[in-house]
file data36.txt (compact mmCIF, N, CA and C atoms and all ligand atoms)
# COMPACT_ATOMS: atom_id res chain seq x y z
N MET V 487 -10.81 -1.05 1.38
CA MET V 487 -9.86 -2.01 1.94
C MET V 487 -9.45 -1.58 3.35
N ALA V 488 -10.29 -1.81 4.30
CA ALA V 488 -9.95 -1.45 5.68
C ALA V 488 -9.63 -2.71 6.48
N TYR V 489 -8.56 -2.66 7.25
CA TYR V 489 -8.18 -3.78 8.09
C TYR V 489 -8.22 -3.34 9.54
N GLN V 490 -8.41 -4.32 10.43
CA GLN V 490 -8.47 -4.00 11.85
C GLN V 490 -7.13 -4.20 12.51
N CYS V 491 -6.79 -3.33 13.44
CA CYS V 491 -5.56 -3.45 14.20
C CYS V 491 -5.64 -4.70 15.07
N PRO V 492 -4.60 -5.57 15.03
CA PRO V 492 -4.64 -6.80 15.83
C PRO V 492 -4.51 -6.52 17.33
N ARG V 493 -4.08 -5.33 17.69
CA ARG V 493 -3.89 -5.01 19.12
C ARG V 493 -5.13 -4.37 19.73
N CYS V 494 -5.71 -3.36 19.04
CA CYS V 494 -6.81 -2.62 19.66
C CYS V 494 -8.11 -2.70 18.87
N GLY V 495 -8.10 -3.28 17.66
CA GLY V 495 -9.33 -3.43 16.91
C GLY V 495 -9.74 -2.20 16.11
N GLN V 496 -8.96 -1.13 16.21
CA GLN V 496 -9.25 0.07 15.43
C GLN V 496 -8.85 -0.16 13.98
N PRO V 497 -9.49 0.56 13.07
CA PRO V 497 -9.07 0.41 11.67
C PRO V 497 -7.66 0.96 11.45
N VAL V 498 -6.90 0.24 10.64
CA VAL V 498 -5.55 0.71 10.31
C VAL V 498 -5.55 1.19 8.86
N ARG V 499 -4.62 2.04 8.53
CA ARG V 499 -4.50 2.47 7.15
C ARG V 499 -3.10 2.16 6.67
N ARG V 500 -2.97 2.12 5.36
CA ARG V 500 -1.68 1.80 4.77
C ARG V 500 -0.69 2.92 5.05
N GLY V 501 0.56 2.52 5.27
CA GLY V 501 1.59 3.49 5.60
C GLY V 501 1.90 4.41 4.43
N TYR V 502 2.35 5.59 4.78
CA TYR V 502 2.73 6.55 3.75
C TYR V 502 4.15 6.98 4.03
N SER V 503 5.00 6.94 3.04
CA SER V 503 6.39 7.32 3.25
C SER V 503 6.76 8.51 2.38
N ARG V 504 7.10 9.59 3.05
CA ARG V 504 7.54 10.79 2.34
C ARG V 504 8.87 10.51 1.64
N THR V 505 9.71 9.69 2.30
CA THR V 505 11.02 9.36 1.72
C THR V 505 10.85 8.58 0.42
N ALA V 506 9.96 7.57 0.45
CA ALA V 506 9.74 6.75 -0.73
C ALA V 506 9.22 7.61 -1.87
N GLN V 507 8.33 8.54 -1.55
CA GLN V 507 7.77 9.39 -2.59
C GLN V 507 8.84 10.34 -3.13
N HIS V 508 9.72 10.80 -2.24
CA HIS V 508 10.75 11.73 -2.66
C HIS V 508 11.74 11.05 -3.60
N THR V 509 12.09 9.80 -3.30
CA THR V 509 13.09 9.10 -4.10
C THR V 509 12.51 8.57 -5.41
N ALA V 510 11.33 7.99 -5.35
CA ALA V 510 10.81 7.32 -6.53
C ALA V 510 9.49 7.91 -7.01
N GLY V 511 9.11 9.07 -6.49
CA GLY V 511 7.90 9.73 -6.95
C GLY V 511 6.63 8.97 -6.61
N LEU V 512 5.63 9.15 -7.44
CA LEU V 512 4.32 8.55 -7.20
C LEU V 512 4.40 7.02 -7.14
N ILE V 513 5.23 6.47 -8.02
CA ILE V 513 5.36 5.00 -8.07
C ILE V 513 5.95 4.48 -6.76
N GLY V 514 6.96 5.18 -6.25
CA GLY V 514 7.57 4.78 -4.99
C GLY V 514 6.56 4.79 -3.86
N ALA V 515 5.76 5.85 -3.82
CA ALA V 515 4.75 5.98 -2.78
C ALA V 515 3.71 4.87 -2.90
N LEU V 516 3.38 4.54 -4.14
CA LEU V 516 2.38 3.50 -4.39
C LEU V 516 2.89 2.15 -3.92
N PHE V 517 4.13 1.84 -4.28
CA PHE V 517 4.69 0.55 -3.90
C PHE V 517 4.92 0.48 -2.40
N TYR V 518 5.26 1.61 -1.80
CA TYR V 518 5.43 1.62 -0.35
C TYR V 518 4.09 1.35 0.32
N ALA V 519 3.04 1.98 -0.20
CA ALA V 519 1.70 1.78 0.36
C ALA V 519 1.26 0.33 0.17
N ALA V 520 1.67 -0.28 -0.95
CA ALA V 520 1.25 -1.65 -1.24
C ALA V 520 2.00 -2.67 -0.39
N PHE V 521 3.28 -2.41 -0.12
CA PHE V 521 4.07 -3.44 0.54
C PHE V 521 4.63 -3.02 1.90
N GLY V 522 4.42 -1.77 2.29
CA GLY V 522 4.94 -1.31 3.58
C GLY V 522 4.07 -1.74 4.74
N SER V 523 4.38 -1.23 5.92
CA SER V 523 3.63 -1.59 7.10
C SER V 523 2.37 -0.73 7.20
N PHE V 524 1.51 -1.07 8.16
CA PHE V 524 0.27 -0.35 8.33
C PHE V 524 0.36 0.58 9.53
N GLN V 525 -0.49 1.59 9.53
CA GLN V 525 -0.49 2.58 10.61
C GLN V 525 -1.80 2.52 11.38
N CYS V 526 -1.69 2.38 12.69
CA CYS V 526 -2.87 2.44 13.56
C CYS V 526 -2.85 3.80 14.25
N ALA V 527 -4.03 4.43 14.36
CA ALA V 527 -4.11 5.75 14.98
C ALA V 527 -3.66 5.68 16.44
N GLN V 528 -3.89 4.54 17.10
CA GLN V 528 -3.56 4.43 18.53
C GLN V 528 -2.19 3.81 18.78
N CYS V 529 -1.84 2.76 18.02
CA CYS V 529 -0.61 2.01 18.31
C CYS V 529 0.55 2.40 17.42
N GLY V 530 0.33 3.20 16.42
CA GLY V 530 1.42 3.54 15.51
C GLY V 530 1.58 2.47 14.45
N ALA V 531 2.82 2.23 14.02
CA ALA V 531 3.08 1.27 12.96
C ALA V 531 2.78 -0.15 13.42
N VAL V 532 2.10 -0.91 12.60
CA VAL V 532 1.78 -2.31 12.89
C VAL V 532 2.40 -3.17 11.80
N ALA V 533 3.26 -4.10 12.19
CA ALA V 533 3.92 -4.96 11.21
C ALA V 533 2.91 -5.94 10.62
N ARG V 534 3.17 -6.34 9.38
CA ARG V 534 2.27 -7.29 8.73
C ARG V 534 2.19 -8.61 9.48
N SER V 535 3.30 -9.01 10.10
CA SER V 535 3.35 -10.32 10.78
C SER V 535 2.43 -10.36 11.99
N GLU V 536 1.96 -9.20 12.45
CA GLU V 536 1.07 -9.19 13.62
C GLU V 536 -0.37 -9.48 13.24
N PHE V 537 -0.66 -9.41 11.96
CA PHE V 537 -2.03 -9.69 11.52
C PHE V 537 -2.25 -11.18 11.36
N PRO V 538 -3.49 -11.66 11.55
CA PRO V 538 -3.78 -13.08 11.34
C PRO V 538 -3.51 -13.49 9.90
N ALA V 539 -3.22 -14.76 9.70
CA ALA V 539 -2.85 -15.28 8.38
C ALA V 539 -3.91 -14.96 7.33
N GLU V 540 -5.18 -15.09 7.72
CA GLU V 540 -6.28 -14.86 6.77
C GLU V 540 -6.26 -13.41 6.27
N VAL V 541 -6.01 -12.48 7.20
CA VAL V 541 -5.96 -11.06 6.83
C VAL V 541 -4.76 -10.80 5.93
N ARG V 542 -3.63 -11.47 6.26
CA ARG V 542 -2.42 -11.26 5.46
C ARG V 542 -2.63 -11.71 4.02
N THR V 543 -3.40 -12.78 3.84
CA THR V 543 -3.70 -13.25 2.49
C THR V 543 -4.48 -12.19 1.73
N ARG V 544 -5.48 -11.60 2.40
CA ARG V 544 -6.26 -10.54 1.74
C ARG V 544 -5.38 -9.34 1.43
N MET V 545 -4.46 -9.04 2.34
CA MET V 545 -3.54 -7.91 2.12
C MET V 545 -2.66 -8.16 0.91
N ALA V 546 -2.15 -9.38 0.79
CA ALA V 546 -1.28 -9.72 -0.34
C ALA V 546 -2.04 -9.54 -1.65
N THR V 547 -3.30 -9.97 -1.67
CA THR V 547 -4.11 -9.79 -2.87
C THR V 547 -4.31 -8.31 -3.15
N GLY V 548 -4.64 -7.55 -2.10
CA GLY V 548 -4.84 -6.10 -2.26
C GLY V 548 -3.58 -5.42 -2.75
N SER V 549 -2.44 -5.83 -2.18
CA SER V 549 -1.17 -5.24 -2.58
C SER V 549 -0.86 -5.53 -4.04
N PHE V 550 -1.13 -6.78 -4.44
CA PHE V 550 -0.88 -7.16 -5.82
C PHE V 550 -1.74 -6.31 -6.76
N LEU V 551 -3.01 -6.14 -6.39
CA LEU V 551 -3.91 -5.35 -7.24
C LEU V 551 -3.47 -3.90 -7.31
N MET V 552 -2.98 -3.36 -6.17
CA MET V 552 -2.50 -1.98 -6.15
C MET V 552 -1.30 -1.82 -7.07
N ALA V 553 -0.34 -2.77 -6.94
CA ALA V 553 0.86 -2.71 -7.77
C ALA V 553 0.50 -2.87 -9.24
N PHE V 554 -0.40 -3.81 -9.50
CA PHE V 554 -0.83 -4.04 -10.88
C PHE V 554 -1.52 -2.79 -11.44
N GLY V 555 -2.39 -2.18 -10.61
CA GLY V 555 -3.07 -0.95 -11.03
C GLY V 555 -2.07 0.15 -11.35
N GLY V 556 -1.00 0.22 -10.53
CA GLY V 556 0.02 1.23 -10.76
C GLY V 556 0.73 1.02 -12.08
N ILE V 557 1.03 -0.25 -12.39
CA ILE V 557 1.72 -0.58 -13.64
C ILE V 557 0.83 -0.25 -14.83
N VAL V 558 -0.47 -0.59 -14.72
CA VAL V 558 -1.42 -0.27 -15.78
C VAL V 558 -1.49 1.25 -15.98
N LEU V 559 -1.48 1.97 -14.85
CA LEU V 559 -1.55 3.44 -14.91
C LEU V 559 -0.32 4.00 -15.64
N ILE V 560 0.86 3.47 -15.30
CA ILE V 560 2.09 3.92 -15.96
C ILE V 560 2.01 3.64 -17.46
N GLY V 561 1.56 2.42 -17.79
CA GLY V 561 1.43 2.04 -19.19
C GLY V 561 0.49 2.97 -19.94
N PHE V 562 -0.61 3.33 -19.27
CA PHE V 562 -1.59 4.22 -19.88
C PHE V 562 -1.00 5.62 -20.11
N VAL V 563 -0.26 6.11 -19.10
CA VAL V 563 0.37 7.43 -19.22
C VAL V 563 1.39 7.43 -20.36
N LEU V 564 2.19 6.36 -20.43
CA LEU V 564 3.19 6.25 -21.51
C LEU V 564 2.51 6.18 -22.86
N TRP V 565 1.40 5.46 -22.91
CA TRP V 565 0.64 5.33 -24.16
C TRP V 565 0.12 6.68 -24.59
N LEU V 566 -0.40 7.46 -23.62
CA LEU V 566 -0.90 8.80 -23.93
C LEU V 566 0.24 9.68 -24.44
N ALA V 567 1.40 9.57 -23.78
CA ALA V 567 2.55 10.39 -24.14
C ALA V 567 3.02 10.06 -25.56
N SER V 568 2.93 8.78 -25.93
CA SER V 568 3.39 8.36 -27.27
C SER V 568 2.46 8.84 -28.36
N LYS V 569 1.23 9.23 -27.97
CA LYS V 569 0.25 9.68 -28.96
C LYS V 569 0.53 11.09 -29.45
N ARG V 570 1.32 11.87 -28.67
CA ARG V 570 1.56 13.25 -29.05
C ARG V 570 2.65 13.38 -30.09
ZN ZN X 1 -4.09 -0.37 17.26
call {"tool": "encode", "arguments": {"input": "data36.txt", "output": "structure tokens", "more": "lines below"}}
Ligand SMILES: [Zn+2]
result
Amino acid sequence: MAYQCPRCGQPVRRGYSRTAQHTAGLIGALFYAAFGSFQCAQCGAVARSEFPAEVRTRMATGSFLMAFGGIVLIGFVLWLASKR
């Protein structure tokens, strides 16, 4: 899931928040990555609104899948824990 920076065309990556991870652990970091802003190596943080509408639609789908994957993962971990 690589997106291009709307300003310079370089690939951007999903933002990572140490604060979000500190407060809410892995889940917080996951949700921040799914719904937070993106990071460009050259321009820094890039807001979602700067991306074209078509890209934003793909991002929303990707974010939903990430969040859904996280929930499934939590459910699986809880299921494993209940087996002991
Ligand atoms: Zn850029």
call {"tool": "residues_near_ligand", "arguments": {"input": "data36.txt", "ligand": "ligand ZN 1 (chain X)", "cutoff": "5 Å", "atoms": "only N, CA and C atoms and all ligand atoms", "output": "ChimeraX atom specification"}}
result
/V:491,493-495,526,528-529
call {"tool": "residues_around", "arguments": {"input": "data36.txt", "residues": "stretch 539-545 of chain V", "least_positions_apart": "6", "cutoff": "10 Å", "atoms": "only C-alpha atoms", "output": "PyMOL selection string"}}
result
chain V and resi 487-490+520-521+551
call {"tool": "write_last_selection", "arguments": {"input": "data36.txt", "atoms": "N, CA and C atoms", "output": "mmCIF file, in the frame of the given file"}}
result
data_model
loop_
_atom_site.group_PDB
_atom_site.id
_atom_site.type_symbol
_atom_site.label_atom_id
_atom_site.label_comp_id
_atom_site.auth_asym_id
_atom_site.auth_seq_id
_atom_site.Cartn_x
_atom_site.Cartn_y
_atom_site.Cartn_z
ATOM 1 N N MET V 487 -10.810 -1.050 1.380
ATOM 2 C CA MET V 487 -9.860 -2.010 1.940
ATOM 3 C C MET V 487 -9.450 -1.580 3.350
ATOM 4 N N ALA V 488 -10.290 -1.810 4.300
ATOM 5 C CA ALA V 488 -9.950 -1.450 5.680
ATOM 6 C C ALA V 488 -9.630 -2.710 6.480
ATOM 7 N N TYR V 489 -8.560 -2.660 7.250
ATOM 8 C CA TYR V 489 -8.180 -3.780 8.090
ATOM 9 C C TYR V 489 -8.220 -3.340 9.540
ATOM 10 N N GLN V 490 -8.410 -4.320 10.430
ATOM 11 C CA GLN V 490 -8.470 -4.000 11.850
ATOM 12 C C GLN V 490 -7.130 -4.200 12.510
ATOM 13 N N ALA V 520 1.670 -0.280 -0.950
ATOM 14 C CA ALA V 520 1.250 -1.650 -1.240
ATOM 15 C C ALA V 520 2.000 -2.670 -0.390
ATOM 16 N N PHE V 521 3.280 -2.410 -0.120
ATOM 17 C CA PHE V 521 4.070 -3.440 0.540
ATOM 18 C C PHE V 521 4.630 -3.020 1.900
ATOM 19 N N LEU V 551 -3.010 -6.140 -6.390
ATOM 20 C CA LEU V 551 -3.910 -5.350 -7.240
ATOM 21 C C LEU V 551 -3.470 -3.900 -7.310
#
call {"tool": "atom_distance", "arguments": {"input": "data36.txt", "atom1": "atom CA of V:Tyr518", "atom2": "atom CA of V:Val563"}}
result
20.4 Å
call {"tool": "closest_residue", "arguments": {"input": "data36.txt", "among": "V:Gly522, V:Pro497, V:Gly556, V:Gly561", "to": "V:Arg534", "atoms": "all atoms listed in the file"}}
result
V:Gly522
call {"tool": "select_by_dssp", "arguments": {"input": "data36.txt", "residues": "stretch 501-569 of chain V", "states": "alpha helix (DSSP H)", "output": "ChimeraX atom specification"}}
result
/V:504-521,539-569
call {"tool": "write_last_selection", "arguments": {"input": "data36.txt", "atoms": "N, CA and C atoms", "output": "short mmCIF file (atom, residue, chain, number, x, y, z; two decimals), in the frame of the given file"}}
result
data_model
loop_
_atom_site.label_atom_id
_atom_site.label_comp_id
_atom_site.auth_asym_id
_atom_site.auth_seq_id
_atom_site.Cartn_x
_atom_site.Cartn_y
_atom_site.Cartn_z
N ARG V 504 7.10 9.59 3.05
CA ARG V 504 7.54 10.79 2.34
C ARG V 504 8.87 10.51 1.64
N THR V 505 9.71 9.69 2.30
CA THR V 505 11.02 9.36 1.72
C THR V 505 10.85 8.58 0.42
N ALA V 506 9.96 7.57 0.45
CA ALA V 506 9.74 6.75 -0.73
C ALA V 506 9.22 7.61 -1.87
N GLN V 507 8.33 8.54 -1.55
CA GLN V 507 7.77 9.39 -2.59
C GLN V 507 8.84 10.34 -3.13
N HIS V 508 9.72 10.80 -2.24
CA HIS V 508 10.75 11.73 -2.66
C HIS V 508 11.74 11.05 -3.60
N THR V 509 12.09 9.80 -3.30
CA THR V 509 13.09 9.10 -4.10
C THR V 509 12.51 8.57 -5.41
N ALA V 510 11.33 7.99 -5.35
CA ALA V 510 10.81 7.32 -6.53
C ALA V 510 9.49 7.91 -7.01
N GLY V 511 9.11 9.07 -6.49
CA GLY V 511 7.90 9.73 -6.95
C GLY V 511 6.63 8.97 -6.61
N LEU V 512 5.63 9.15 -7.44
CA LEU V 512 4.32 8.55 -7.20
C LEU V 512 4.40 7.02 -7.14
N ILE V 513 5.23 6.47 -8.02
CA ILE V 513 5.36 5.00 -8.07
C ILE V 513 5.95 4.48 -6.76
N GLY V 514 6.96 5.18 -6.25
CA GLY V 514 7.57 4.78 -4.99
C GLY V 514 6.56 4.79 -3.86
N ALA V 515 5.76 5.85 -3.82
CA ALA V 515 4.75 5.98 -2.78
C ALA V 515 3.71 4.87 -2.90
N LEU V 516 3.38 4.54 -4.14
CA LEU V 516 2.38 3.50 -4.39
C LEU V 516 2.89 2.15 -3.92
N PHE V 517 4.13 1.84 -4.28
CA PHE V 517 4.69 0.55 -3.90
C PHE V 517 4.92 0.48 -2.40
N TYR V 518 5.26 1.61 -1.80
CA TYR V 518 5.43 1.62 -0.35
C TYR V 518 4.09 1.35 0.32
N ALA V 519 3.04 1.98 -0.20
CA ALA V 519 1.70 1.78 0.36
C ALA V 519 1.26 0.33 0.17
N ALA V 520 1.67 -0.28 -0.95
CA ALA V 520 1.25 -1.65 -1.24
C ALA V 520 2.00 -2.67 -0.39
N PHE V 521 3.28 -2.41 -0.12
CA PHE V 521 4.07 -3.44 0.54
C PHE V 521 4.63 -3.02 1.90
N ALA V 539 -3.22 -14.76 9.70
CA ALA V 539 -2.85 -15.28 8.38
C ALA V 539 -3.91 -14.96 7.33
N GLU V 540 -5.18 -15.09 7.72
CA GLU V 540 -6.28 -14.86 6.77
C GLU V 540 -6.26 -13.41 6.27
N VAL V 541 -6.01 -12.48 7.20
CA VAL V 541 -5.96 -11.06 6.83
C VAL V 541 -4.76 -10.80 5.93
N ARG V 542 -3.63 -11.47 6.26
CA ARG V 542 -2.42 -11.26 5.46
C ARG V 542 -2.63 -11.71 4.02
N THR V 543 -3.40 -12.78 3.84
CA THR V 543 -3.70 -13.25 2.49
C THR V 543 -4.48 -12.19 1.73
N ARG V 544 -5.48 -11.60 2.40
CA ARG V 544 -6.26 -10.54 1.74
C ARG V 544 -5.38 -9.34 1.43
N MET V 545 -4.46 -9.04 2.34
CA MET V 545 -3.54 -7.91 2.12
C MET V 545 -2.66 -8.16 0.91
N ALA V 546 -2.15 -9.38 0.79
CA ALA V 546 -1.28 -9.72 -0.34
C ALA V 546 -2.04 -9.54 -1.65
N THR V 547 -3.30 -9.97 -1.67
CA THR V 547 -4.11 -9.79 -2.87
C THR V 547 -4.31 -8.31 -3.15
N GLY V 548 -4.64 -7.55 -2.10
CA GLY V 548 -4.84 -6.10 -2.26
C GLY V 548 -3.58 -5.42 -2.75
N SER V 549 -2.44 -5.83 -2.18
CA SER V 549 -1.17 -5.24 -2.58
C SER V 549 -0.86 -5.53 -4.04
N PHE V 550 -1.13 -6.78 -4.44
CA PHE V 550 -0.88 -7.16 -5.82
C PHE V 550 -1.74 -6.31 -6.76
N LEU V 551 -3.01 -6.14 -6.39
CA LEU V 551 -3.91 -5.35 -7.24
C LEU V 551 -3.47 -3.90 -7.31
N MET V 552 -2.98 -3.36 -6.17
CA MET V 552 -2.50 -1.98 -6.15
C MET V 552 -1.30 -1.82 -7.07
N ALA V 553 -0.34 -2.77 -6.94
CA ALA V 553 0.86 -2.71 -7.77
C ALA V 553 0.50 -2.87 -9.24
N PHE V 554 -0.40 -3.81 -9.50
CA PHE V 554 -0.83 -4.04 -10.88
C PHE V 554 -1.52 -2.79 -11.44
N GLY V 555 -2.39 -2.18 -10.61
CA GLY V 555 -3.07 -0.95 -11.03
C GLY V 555 -2.07 0.15 -11.35
N GLY V 556 -1.00 0.22 -10.53
CA GLY V 556 0.02 1.23 -10.76
C GLY V 556 0.73 1.02 -12.08
N ILE V 557 1.03 -0.25 -12.39
CA ILE V 557 1.72 -0.58 -13.64
C ILE V 557 0.83 -0.25 -14.83
N VAL V 558 -0.47 -0.59 -14.72
CA VAL V 558 -1.42 -0.27 -15.78
C VAL V 558 -1.49 1.25 -15.98
N LEU V 559 -1.48 1.97 -14.85
CA LEU V 559 -1.55 3.44 -14.91
C LEU V 559 -0.32 4.00 -15.64
N ILE V 560 0.86 3.47 -15.30
CA ILE V 560 2.09 3.92 -15.96
C ILE V 560 2.01 3.64 -17.46
N GLY V 561 1.56 2.42 -17.79
CA GLY V 561 1.43 2.04 -19.19
C GLY V 561 0.49 2.97 -19.94
N PHE V 562 -0.61 3.33 -19.27
CA PHE V 562 -1.59 4.22 -19.88
C PHE V 562 -1.00 5.62 -20.11
N VAL V 563 -0.26 6.11 -19.10
CA VAL V 563 0.37 7.43 -19.22
C VAL V 563 1.39 7.43 -20.36
N LEU V 564 2.19 6.36 -20.43
CA LEU V 564 3.19 6.25 -21.51
C LEU V 564 2.51 6.18 -22.86
N TRP V 565 1.40 5.46 -22.91
CA TRP V 565 0.64 5.33 -24.16
C TRP V 565 0.12 6.68 -24.59
N LEU V 566 -0.40 7.46 -23.62
CA LEU V 566 -0.90 8.80 -23.93
C LEU V 566 0.24 9.68 -24.44
N ALA V 567 1.40 9.57 -23.78
CA ALA V 567 2.55 10.39 -24.14
C ALA V 567 3.02 10.06 -25.56
N SER V 568 2.93 8.78 -25.93
CA SER V 568 3.39 8.36 -27.27
C SER V 568 2.46 8.84 -28.36
N LYS V 569 1.23 9.23 -27.97
CA LYS V 569 0.25 9.68 -28.96
C LYS V 569 0.53 11.09 -29.45
#
call {"tool": "closest_residue", "arguments": {"input": "data36.txt", "among": "V:Gly530, V:Gly555, V:Pro538, V:Gly548", "to": "V:Gln496", "atoms": "only C-alpha atoms"}}
result
V:Gly530
call {"tool": "select_by_dssp", "arguments": {"input": "data36.txt", "residues": "chain V", "states": "strand (DSSP E or B)", "output": "list in words"}}
result
Tyr489, Gln490, Pro497, Val498, Arg499, Arg500, Phe524, Gln525, Cys526, Gly530, Ala531 and Val532 of chain V
call {"tool": "atom_distance", "arguments": {"input": "data36.txt", "atom1": "atom CA of V:Ile560", "atom2": "atom CA of V:Ala519"}}
result
16.5 Å
call {"tool": "atom_distance", "arguments": {"input": "data36.txt", "atom1": "atom N of V:Ile513", "atom2": "atom C of V:Arg499"}}
result
17.4 Å
call {"tool": "residues_around", "arguments": {"input": "data36.txt", "residues": "V:Phe524", "least_positions_apart": "5", "cutoff": "5 Å", "atoms": "all atoms listed in the file", "output": "JSON, numbers by chain"}}
result
{"V": [499, 500, 501, 531, 532]}
call {"tool": "closest_residue", "arguments": {"input": "data36.txt", "among": "V:Ala546, V:Ala553, V:Val558, V:Leu564", "to": "V:Leu516", "atoms": "all atoms listed in the file"}}
result
V:Ala553
call {"tool": "closest_residue", "arguments": {"input": "data36.txt", "among": "V:Leu559, V:Val498, V:Leu566, V:Ala515", "to": "V:Phe537", "atoms": "only C-alpha atoms"}}
result
V:Val498
call {"tool": "closest_residue", "arguments": {"input": "data36.txt", "among": "V:Arg504, V:Met552, V:Ser523, V:Phe517", "to": "V:Ser535", "atoms": "only C-alpha atoms"}}
result
V:Ser523
call {"tool": "axis_aligned_box", "arguments": {"input": "data36.txt", "around": "stretch 544-557 of chain V", "padding_each_side": "8 Å", "output": "AutoDock Vina command-line options"}}
result
--center_x -2.3 --center_y -5.2 --center_z -6.2 --size_x 24.0 --size_y 28.8 --size_z 33.2
